Amino acid sequence: MATAENVRLTYAFDAYCPWCYGFGPALRSFAQDNAHPIRLHIRSAGLYTGARARPVSAYPRMAEECERVAQLTGVGFGAGFAQALTDGTTAADSTAAAAGLAVLCSQADEVGVPHLAAAEAVQQAWFVDGRSLADPEVYRDIADGLGLDASKVPAAYASRAPWEQARADFRALRRLHVSTYPTLLLHTAHGADRLGSATSTAASLTAALDQCLAAAFPRPSSPQPPVPQGEL
């Protein structure tokens, strides 16, 4: 259960979601500004799974959507990504991306690297460099950049654990009735409240958090001083 001094947030995120990429800088600033008291947990979403895990050429409006994300959030998309869209052969596979992030987060816990830094690096590999997030070498390179043990990544990615974690994340978000991304949830005794939107700023997220906390944990009213007997 959350308290005003120990706030639990869930970030519903998909590595192939351009709106999540656009939301990243605001969320990073928000997390830094509110490092105490929030605890931010990232859950990968299954935006492209099953029949939807197809080459990006099957999604011709992806480039148009990314242009809108850039206009509304100010993020930049790289030349490698533009080339990947032109080629159209890279498959958008959210399960593979979620498994790769799980590998990174498992190591990140051991050395204190924020999961959000790993998630951002994964999205940059796609939206800037245009690399397939089903390629284990992507996670090896990210691990090296984050100061993790890159040599352990291939075996970890090939094991069952990160893929099971990916599917567990998908199920968890379904139980929370999250179907759009990005979604930031604040957990209290009353349930999960959504904070902000894909185009929120760090300041507006902080304001929304403060408002929710004030409602969930109202300050006790100050006791009134006793009235002197002579004034009755």
# chains A, B, ... in the order shown; residues from 1 in each chain; ligands from 1
call {"tool": "select_by_dssp", "arguments": {"residues": "chain A", "states": "strand (DSSP E or B)", "output": "VMD selection string"}}
result
chain A and resid 3 6 to 13 38 to 44 55 91 183 to 188 191 to 194
call {"tool": "residues_around", "arguments": {"residues": "Gln165 (chain A)", "least_positions_apart": "3", "cutoff": "9 Å", "atoms": "only C-alpha atoms", "output": "MDAnalysis selection string"}}
result
chainID A and resid 98:99 102 160:162 168:170
call {"tool": "select_by_dssp", "arguments": {"residues": "region 27-160 of chain A", "states": "helix (DSSP H, G or I)", "output": "VMD selection string"}}
result
chain A and resid 27 to 33 50 to 52 56 to 58 62 to 73 79 to 87 94 to 111 115 to 127 136 to 145 150 to 158
call {"tool": "closest_residue", "arguments": {"among": "A:Leu195, A:Ala121, A:Met62, A:Val7", "to": "Leu85 (chain A)", "atoms": "only C-alpha atoms"}}
result
A:Met62
call {"tool": "residues_around", "arguments": {"residues": "Leu146 (chain A)", "least_positions_apart": "6", "cutoff": "10 Å", "atoms": "only C-alpha atoms", "output": "JSON, numbers by chain"}}
result
{"A": [104, 108, 113, 114, 117, 118, 121]}
call {"tool": "residues_around", "arguments": {"residues": "Arg28 (chain A)", "least_positions_apart": "6", "cutoff": "12 Å", "atoms": "only C-alpha atoms", "output": "MDAnalysis selection string"}}
result
chainID A and resid 11 20:22 34:35 40 114:120 200:203 205:206
call {"tool": "residues_around", "arguments": {"residues": "Ala158 (chain A)", "least_positions_apart": "4", "cutoff": "10 Å", "atoms": "only C-alpha atoms", "output": "ChimeraX atom specification"}}
result
/A:99-100,103,136,153-154,162-163
call {"tool": "residues_around", "arguments": {"residues": "region 128-131 of chain A", "least_positions_apart": "5", "cutoff": "10 Å", "atoms": "only C-alpha atoms", "output": "ChimeraX atom specification"}}
result
/A:76-85,90,121-123,137-138
call {"tool": "atom_distance", "arguments": {"atom1": "CA of Gln71 (chain A)", "atom2": "CA of Ala12 (chain A)"}}
result
22.4 Å
call {"tool": "atom_distance", "arguments": {"atom1": "CA of Val178 (chain A)", "atom2": "CA of Ser132 (chain A)"}}
result
25.5 Å
call {"tool": "atom_distance", "arguments": {"atom1": "CA of Pro182 (chain A)", "atom2": "CA of Asp109 (chain A)"}}
result
22.9 Å
call {"tool": "residues_around", "arguments": {"residues": "Asp193 (chain A)", "least_positions_apart": "4", "cutoff": "12 Å", "atoms": "only C-alpha atoms", "output": "number ranges by chain"}}
result
A: 8-11, 176-178, 183-189, 208-209, 211-213, 215-216
call {"tool": "write_last_selection", "arguments": {"atoms": "N, CA and C atoms", "output": "mmCIF file, in the first residue's frame"}}
result
data_model
loop_
_atom_site.group_PDB
_atom_site.id
_atom_site.type_symbol
_atom_site.label_atom_id
_atom_site.label_comp_id
_atom_site.auth_asym_id
_atom_site.auth_seq_id
_atom_site.Cartn_x
_atom_site.Cartn_y
_atom_site.Cartn_z
ATOM 1 N N ARG A 8 4.031 4.203 -4.977
ATOM 2 C CA ARG A 8 4.294 3.178 -5.993
ATOM 3 C C ARG A 8 3.589 3.551 -7.292
ATOM 4 N N LEU A 9 4.379 3.589 -8.367
ATOM 5 C CA LEU A 9 3.856 3.909 -9.689
ATOM 6 C C LEU A 9 4.171 2.768 -10.646
ATOM 7 N N THR A 10 3.256 2.514 -11.557
ATOM 8 C CA THR A 10 3.484 1.567 -12.647
ATOM 9 C C THR A 10 3.503 2.339 -13.962
ATOM 10 N N TYR A 11 4.546 2.088 -14.749
ATOM 11 C CA TYR A 11 4.638 2.690 -16.075
ATOM 12 C C TYR A 11 4.391 1.605 -17.111
ATOM 13 N N LEU A 176 -4.858 -4.733 -14.904
ATOM 14 C CA LEU A 176 -5.036 -3.330 -14.550
ATOM 15 C C LEU A 176 -5.901 -2.582 -15.567
ATOM 16 N N HIS A 177 -6.371 -3.299 -16.594
ATOM 17 C CA HIS A 177 -7.233 -2.736 -17.639
ATOM 18 C C HIS A 177 -6.535 -1.609 -18.400
ATOM 19 N N VAL A 178 -5.235 -1.776 -18.615
ATOM 20 C CA VAL A 178 -4.468 -0.810 -19.398
ATOM 21 C C VAL A 178 -4.407 -1.290 -20.840
ATOM 22 N N THR A 183 1.007 4.676 -20.266
ATOM 23 C CA THR A 183 0.103 4.913 -19.143
ATOM 24 C C THR A 183 0.925 4.886 -17.864
ATOM 25 N N LEU A 184 0.734 5.907 -17.035
ATOM 26 C CA LEU A 184 1.406 5.995 -15.741
ATOM 27 C C LEU A 184 0.342 5.899 -14.663
ATOM 28 N N LEU A 185 0.472 4.911 -13.785
ATOM 29 C CA LEU A 185 -0.527 4.647 -12.762
ATOM 30 C C LEU A 185 0.041 4.872 -11.367
ATOM 31 N N LEU A 186 -0.750 5.521 -10.524
ATOM 32 C CA LEU A 186 -0.433 5.684 -9.111
ATOM 33 C C LEU A 186 -1.286 4.701 -8.328
ATOM 34 N N HIS A 187 -0.640 3.882 -7.498
ATOM 35 C CA HIS A 187 -1.356 2.881 -6.707
ATOM 36 C C HIS A 187 -1.582 3.397 -5.286
ATOM 37 N N THR A 188 -2.835 3.355 -4.864
ATOM 38 C CA THR A 188 -3.180 3.688 -3.483
ATOM 39 C C THR A 188 -4.135 2.617 -2.969
ATOM 40 N N ALA A 189 -4.566 2.771 -1.746
ATOM 41 C CA ALA A 189 -5.517 1.821 -1.175
ATOM 42 C C ALA A 189 -6.835 1.825 -1.931
ATOM 43 N N ALA A 208 -0.043 16.577 -10.916
ATOM 44 C CA ALA A 208 -1.068 15.542 -10.835
ATOM 45 C C ALA A 208 -0.787 14.585 -9.681
ATOM 46 N N LEU A 209 0.497 14.249 -9.499
ATOM 47 C CA LEU A 209 0.873 13.380 -8.381
ATOM 48 C C LEU A 209 0.527 14.043 -7.054
ATOM 49 N N GLN A 211 -1.675 16.290 -6.423
ATOM 50 C CA GLN A 211 -3.126 16.366 -6.261
ATOM 51 C C GLN A 211 -3.696 15.017 -5.811
ATOM 52 N N CYS A 212 -3.230 13.938 -6.447
ATOM 53 C CA CYS A 212 -3.712 12.603 -6.075
ATOM 54 C C CYS A 212 -3.309 12.250 -4.645
ATOM 55 N N LEU A 213 -2.083 12.596 -4.267
ATOM 56 C CA LEU A 213 -1.623 12.287 -2.922
ATOM 57 C C LEU A 213 -2.386 13.093 -1.878
ATOM 58 N N ALA A 215 -5.431 14.019 -2.087
ATOM 59 C CA ALA A 215 -6.756 13.416 -1.943
ATOM 60 C C ALA A 215 -6.688 12.083 -1.207
ATOM 61 N N ALA A 216 -5.624 11.308 -1.494
ATOM 62 C CA ALA A 216 -5.512 9.980 -0.888
ATOM 63 C C ALA A 216 -5.031 10.023 0.555
#
